[in-house]
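Report on the structure given below.
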Amino acid sequence: MKKSDVSQAPPRVINILFADDDDDDRLLFEEALKELPLSTQLTTVENGNQLMERLAQKRTKLPDVLFLDLNMPGKNGFACLKEIKLNSKLEKLPVFIFSTANDPDMLNLVYKDAAHYYIRKPAEFSQLKKVILRALTLISQKKISLPGKDDFVLTGE
C-alpha cells in the first residue's frame, strides 16, 4: 500500500473553556482563535460560579484546557483554581491563568496553587495570537506538566 492510499486522520479538535468576565476579552480571544491554524472548540463562561457549575456537570466532557481570568466578580479565579485542584475529577485539568495582573506575590500564589502556566493578557492582538498558539501547541502535544518557576509565564514575544 502506498502512502497516498492511507487517509490521514482529521486534525484533533482542542476543546477550550475560557472564563472571563470581560466581554471584550472574550471576543478578542475568540477572534484570535479563528486566525490560528488549529482546530478548536471554544466555550466561554462569564464568572467563576458559571465555570464551576459547568465543570461539575456530569454529562459535560471536561475541556482539554481552561483559560482562567483571576479578577472576576463573585467567585474569582483564585477560588476556582483552589476548587479545581482539590477536586479529584478536575485536578489534572490544565489551567492557564489569563490575567492582566502582574504582581509577583500573586504570581507566586497561583504557581503554588498548581496553575500550569500564567499568561499576562497582551496589549497587542498579534501577541495574543502568538501566546494562545504557544499554549495550545503545548496542549496538542500533550506536554502539559507543572513547569518550573522560570517557565511558568508564557508570553507572545
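Each chain of the C-alpha cells is named A, B, ... in the order shown, its residues numbered from 1; ligands are numbered from 1 in display order.
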For the structure I just gave you, how does DSSP split chain A - specifically, which residues are alpha helix (DSSP H)? Reply as a PyMOL selection string.
chain A and resi 23-34+48-56+77-86+104-112+125-140
For Val45 in chain A, work out the shell of residues within 8 Å, counting only C-alpha atoms and skipping chain neighbours fewer than 2 positions away, then give it as a ChimeraX atom specification.
/A:17-21,43,47-48,50-51
Output the selection as a compact mmCIF listing (two decimals), in the first residue's frame - N, CA and C atoms for each residue.
# COMPACT_ATOMS: atom_id res chain seq x y z
N LEU A 17 -12.11 25.85 27.32
CA LEU A 17 -13.06 26.56 28.18
C LEU A 17 -12.37 27.84 28.62
N PHE A 18 -13.05 28.97 28.43
CA PHE A 18 -12.47 30.28 28.74
C PHE A 18 -13.38 31.00 29.72
N ALA A 19 -12.85 31.32 30.90
CA ALA A 19 -13.62 32.00 31.95
C ALA A 19 -13.08 33.42 32.12
N ASP A 20 -13.90 34.40 31.74
CA ASP A 20 -13.50 35.80 31.84
C ASP A 20 -14.76 36.65 31.89
N ASP A 21 -14.80 37.61 32.79
CA ASP A 21 -15.99 38.45 32.92
C ASP A 21 -16.03 39.59 31.92
N THR A 43 -15.73 27.26 24.40
CA THR A 43 -16.88 27.51 25.26
C THR A 43 -16.45 28.60 26.24
N ASN A 47 -18.14 34.04 34.62
CA ASN A 47 -17.71 34.20 36.02
C ASN A 47 -17.36 32.84 36.62
N GLY A 48 -16.81 32.89 37.82
CA GLY A 48 -16.38 31.67 38.48
C GLY A 48 -17.51 30.74 38.87
N GLN A 50 -20.35 30.28 37.16
CA GLN A 50 -20.71 29.56 35.93
C GLN A 50 -19.66 28.51 35.59
N LEU A 51 -18.39 28.87 35.79
CA LEU A 51 -17.30 27.94 35.49
C LEU A 51 -17.43 26.67 36.33
Determine which residues of range 51-116 of chain A DSSP labels as strand (DSSP E or B) from the backbone of this structure, then write them out as an MDAnalysis selection string.
chainID A and resid 65:68 95:99
What's around range 126-139 of chain A at 10 Å? Count only C-alpha atoms, leave out sequence neighbours fewer than 3 positions away in its own chain, and write the answer as JSON, numbers by chain.
{"A": [14, 16, 28, 29, 31, 32, 33, 34, 35, 36, 37, 38, 40, 64, 65, 67, 94, 96, 117, 118, 119, 120, 121, 122, 123, 142, 143, 144, 145, 154, 155, 156, 157]}
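Counting only C-alpha atoms, Lys89 in chain A has the following residues at most 10 Å away, ignoring those fewer than 3 positions along the same chain: Leu55, Ala56, Leu62, Ile84, Lys85, Leu86, Lys92 and Leu93 of chain A.
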CA of Asp103 in chain A to CA of Pro63 in chain A, distance in Å rounded to a single decimal:
28.2 Å
Quick one, how far is CA of Ser88 in chain A from CA of Asp113 in chain A?
14.7 Å
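With only C-alpha atoms as the atoms that count, the minimum distance from Leu68 in chain A to the choices A:Ser140, A:Thr44, A:Asn87, A:Ser39 is reached by A:Thr44.
Shortest separation to Asp69 in chain A among A:Leu42, A:Met52, A:Ala101, A:Val153 occurs at residue A:Ala101, atoms counted being only C-alpha atoms.
We find CA of Phe98 in chain A and CA of Lys61 in chain A to be spaced 22.0 Å apart.
Using only C-alpha atoms, the nearest neighbour of Phe125 in chain A within the list A:Asn15, A:Glu91, A:Asp25, A:Gln57 is A:Asp25.
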